[in-house]
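S.K.: What follows is a structure written as structure tokens; I'll ask about it next.
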Amino acid sequence: MSLTETFQLAFKNIQGSKMRTFLTMLGIIIGVCAVIVIVGLGNGMQGYIEDSFADMGTDSLTVMIMGRGSSRSVSEEEMYELVAENQETLKLISPTVSVSFPPKIGSDTTSSSVSGVSEDYFTMKGYEIAQGRGIQYMDIESRANVCVVGQYLNMAYFGGNAVGQTLKLGSKSFIIVGVMAAETDDLEEGGTDDCVFLPYSTAARMSFTGAISNYTITVQDRDNISDAITVVENALYQIFEDDDAYSVISMSEMLDTMNSMVNMIIYILAGIAAISLVVGGIGIMNIMLVSVTERTREIGIRKALGARESAIMRQFVIEAATTSSLGGLLGIALGFGLSAVATTVIARVMPDTPITVSPSMAAVLLAFGVSTAIGVVFGYLPAKKAAALNPIDALRYD
Amino acid sequence: MSSLIEFQNVCKYYQMGDTTVKAADHISFQVRKGEFVAIVGQSGSGKSTCMNIIGCLDVPTSGLYLLDGQDVGRMDKNQLAAIRNKMLGFIFQQYNLLPKLTLQENVEVPLMYAGIPKAERHERSRIALEMVGLGDKLRHKPMQLSGGQQQRVSIARALAGDPAVILADEPTGALDSHTGREVLTMLQQLHAAGNTVVLITHDNSIAVQAQRIIRLEDGHVVYDGDAHAPEAVVTPNMAGRGIAK
């Protein structure tokens with residue numbers, strides 16, 4: 001009996017008991033579907049995280065200076081020197097001073113993020129100026145009360161003509177000298193385009209301590225970002241002699257950490273889903289054992305008519321494998337369907353975090369392979385039982 | 001003429017608890033090519049054991065069984081399966097057709113295990129079913145047929161592989177007397193066409209349809225000869241004692 005004929009026979013038997021086969025497959029269907037959706041969700045989350053981090057720039061380091069008591073600190077001149085001395089790894093530096101006063105425009109108060117930065121900051125982040133000018137060195141030197149606003153503020157509060165107008169931070173008035181080009185397609189409150197930048201010297205004077213504790217540093221080569229971190233950390237250690245006094249974080253490192261956390265969660269969930277595949281396999285074995293008992297007479301007849309043990313064995317293993325891989329295919333189809341539904345639901349429920357549940361090809365192939373393998377493995381025992389039946393006893397069986 | 005089936009002191013013992021059951025005890029006989037032999041006996045006489053051994057479903061505990069000169073007792077399971085497939089055509093009391101397959105597919109089962117290509121299988125199964133008068137029901141399922149028709153399908157299945165021996169185990173046991181007679185006539189026709197037919201039965205009236213009778217009792221051969229001799233059909237117990245003396 002050829003292999004194709006064995007498959008045809010398997011399909012015939014499956015067709016003969018559709019309901020039972022479907023129930024047998026259910027475990028595999030659910031398992032495969034769960035694995036595919038979970039892996040797809042993981043891919044979506046990773047994609048979302050990567051996109052968000054890419055906005056923040058993966059070629060920059062954030063340095064936070066906590067200081068050591070009140071005696072030791074580091075001045076911005078020292079930080080600039082540090083970068084100048086290490087030009088082979090480090091590129092540009094800008095202090096970043098966050099300002100806690102919300103901007104007031106006329107009688108409106110906005111929730112925009114306000115930071116004090118250097119004249120290099122826009123180059124470092126790749127921000128472009130759409131109208132007017134950016135922050136300049138002279139503004140920093142003179143601690144000028146000027147600012148650059150994001151496109152959102154420009155459109156929402158100034159009707160697109162923000163340059164030359166003023167806004168208030170605390171009690172001080174700032175003249176808007178420039179407007180950033182839109183960073184995102186949809187301008188929204190709290191988004192990247194809802195921001196105000198002023199000279200860091202001005203911002204530092206407005207803060208309580210007047211000290212600058214945060215810096216952003218860009219690197220020459222984003223693939224060697226860990227070297228850059230080491231350079232900055234070594235320099236800071238020489239100043240403070242205490243590694244609790246500062247911390248250096250890179251976005252790409254944070255991205256890696258986030259990704260590995262997401263991966264770990266996904267692996268654990270997929271592992272739990274995979275348990276249902278094993279349970280499904282046991283279900284298949286159970287039904288195949290029942291089927292062998294039910295078909296004892298058929299096996300006896302086939303053996304009397306000249307079927308070798310290997311032929312009977314093959315028939316049952318192929319039947320189990322066909323059942324489970326058919327379940328796998330249905331599971332894959334269901335998984336794709338559920339992924340599409342999940343994407344829609346997530347977009348509806350959490351419009352701010354649009355995660356696309358995208359099943360990966362690898363997960364699909366793996367799920368199909370595993371479900372087929374489960375059929376073979378769990379079909380083996382019943383098939384062996386069938387093949388070993390004594391034809392005389394099997395013929396007499398009712 | 002050389003013998004096709006040869007039993008030399010064939011014994012088959014079963015262990016049941018502490019006692020050894022001698023299902024076949026030194027049975028010897030020969031069947032030549034082209035004969036029509038009935039093996040007769042009450043239940044427990046050893047005829048089923050003989051049938052299993054002749055049918056290569058079982059091997060003797062001791063003694064020699066030669067089928068067309070080949071020593072079956074020394075064969076492994078795969079060789080037994082192959083010899084069943086090529087040399088033997090089974091006709092069972094319960095027909096033993098596969099209910100999910102069509103008549104033609106049923107007849108093709110032994111041909112499929114013999115590795116015969118699809119086109120040739122279709123041809124041979126069609127011819128075999130036409131021979132038993134069911135050429136117009138190739139695509140029917142066994143359950144759509146009467147008992148007699150089903151038994152004819154199993155005859156067709158036995159014939160399709162062109163076996164050396166046709167082995168019929170109580171072929172009329174599940175049939176009424178009329179259809180039973182039809183089946184017996186068919187076996188006689190097969191014999192007339194030159195086939196070797198071995199019929200296993202407990203029923204004397206059926207056994208006499210054969211050419212020759214081998215009567216078994218308690219695992220021994222008690223009569224072996226012409227089916228029409230008066231001793232062939234006497235009450236088993238009395239005949240047994242008579243011959244034994």
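Following the order of the structure tokens, first chain is A, next is B, and so on, with residues numbered from 1 inside each chain and ligands from 1 in the order they appear.
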When DSSP is applied to the backbone of this structure, which of range 85-332 of chain A are assigned helix (DSSP H, G or I)? Write them out as number ranges by chain.
M.R.: A: 85, 121-125, 137-141, 151-158, 200-206, 222-240, 251-294, 296-304, 309-332
S.K.: Quick one: which chain A residues come within 12 Å of chain B, and what is the nearest atom pair for each with the distance in Å to one decimal, counting only C-alpha atoms, rows ordered by chain and ascending number, as a Markdown table?
M.R.:
```
| residue | atom | partner | partner_atom | distance |
| --- | --- | --- | --- | --- |
| A:Met1 | CA | B:Met112 | CA | 5.3 |
| A:Ser2 | CA | B:Gly115 | CA | 7.8 |
| A:Leu3 | CA | B:Gly115 | CA | 11.5 |
| A:Thr4 | CA | B:Lys118 | CA | 11.6 |
| A:Glu5 | CA | B:Met112 | CA | 9.1 |
| A:Thr6 | CA | B:Met112 | CA | 10.5 |
| A:Gln8 | CA | B:Leu101 | CA | 12.0 |
| A:Leu9 | CA | B:Leu101 | CA | 9.6 |
| A:Ala10 | CA | B:Lys100 | CA | 12.0 |
| A:Lys12 | CA | B:Lys100 | CA | 8.4 |
| A:Asn13 | CA | B:Lys100 | CA | 8.2 |
| A:Ile14 | CA | B:Lys100 | CA | 11.5 |
| A:Gln15 | CA | B:Lys100 | CA | 10.6 |
| A:Gly16 | CA | B:Lys100 | CA | 8.0 |
| A:Ser17 | CA | B:Lys100 | CA | 11.1 |
| A:Arg295 | CA | B:Leu98 | CA | 9.9 |
| A:Thr296 | CA | B:Leu98 | CA | 11.6 |
| A:Arg297 | CA | B:Asn96 | CA | 8.0 |
| A:Glu298 | CA | B:Leu98 | CA | 6.4 |
| A:Ile299 | CA | B:Leu98 | CA | 9.8 |
| A:Gly300 | CA | B:Asn96 | CA | 9.2 |
| A:Ile301 | CA | B:Asn96 | CA | 6.5 |
| A:Arg302 | CA | B:Val109 | CA | 7.5 |
| A:Lys303 | CA | B:Ala81 | CA | 6.9 |
| A:Ala304 | CA | B:Arg84 | CA | 6.7 |
| A:Leu305 | CA | B:Pro110 | CA | 5.2 |
| A:Gly306 | CA | B:Asn85 | CA | 4.1 |
| A:Ala307 | CA | B:Tyr113 | CA | 5.7 |
| A:Arg308 | CA | B:Ala81 | CA | 5.6 |
| A:Glu309 | CA | B:Asn78 | CA | 7.2 |
| A:Ser310 | CA | B:Asn78 | CA | 8.8 |
| A:Ala311 | CA | B:Tyr113 | CA | 8.2 |
| A:Ile312 | CA | B:Tyr113 | CA | 10.5 |
| A:Ala387 | CA | B:Lys77 | CA | 11.0 |
| A:Ala388 | CA | B:Lys77 | CA | 10.2 |
| A:Leu389 | CA | B:Lys77 | CA | 11.6 |
| A:Asn390 | CA | B:Leu57 | CA | 8.5 |
| A:Pro391 | CA | B:Leu57 | CA | 6.6 |
| A:Ile392 | CA | B:Leu57 | CA | 6.5 |
| A:Asp393 | CA | B:Leu57 | CA | 10.1 |
| A:Ala394 | CA | B:Leu57 | CA | 11.0 |
| A:Leu395 | CA | B:Asn96 | CA | 8.1 |
| A:Arg396 | CA | B:Gln94 | CA | 9.7 |
| A:Tyr397 | CA | B:Asn96 | CA | 11.2 |
| A:Asp398 | CA | B:Gln94 | CA | 10.7 |
```
S.K.: Which of range 136-207 of chain B end up as strand (DSSP E) when DSSP is run on this backbone - answer as a ChimeraX atom specification?
M.R.: /B:165-169,196-201
S.K.: Compare B:Lys141, B:Arg212, B:Leu199, B:Leu64 by their minimum atom-to-atom distance to Ala229 in chain B, counting only C-alpha atoms, and give me the closest one.
M.R.: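 Ranking B:Lys141, B:Arg212, B:Leu199, B:Leu64 by distance to Ala229 in chain B, first place goes to B:Arg212.
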S.K.: Taking 2 positions as the minimum chain separation for residues in the same chain, which residues sit within 12 Å of range 89-92 of chain A when counting only C-alpha atoms? Answer as a count of residues only.
M.R.: 40
S.K.: So how many Å separate CA of Ala211 in chain A and CA of Arg133 in chain A, to one decimal?
M.R.: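 Spanning CA of Ala211 in chain A to CA of Arg133 in chain A is a straight-line distance of 26.7 Å.
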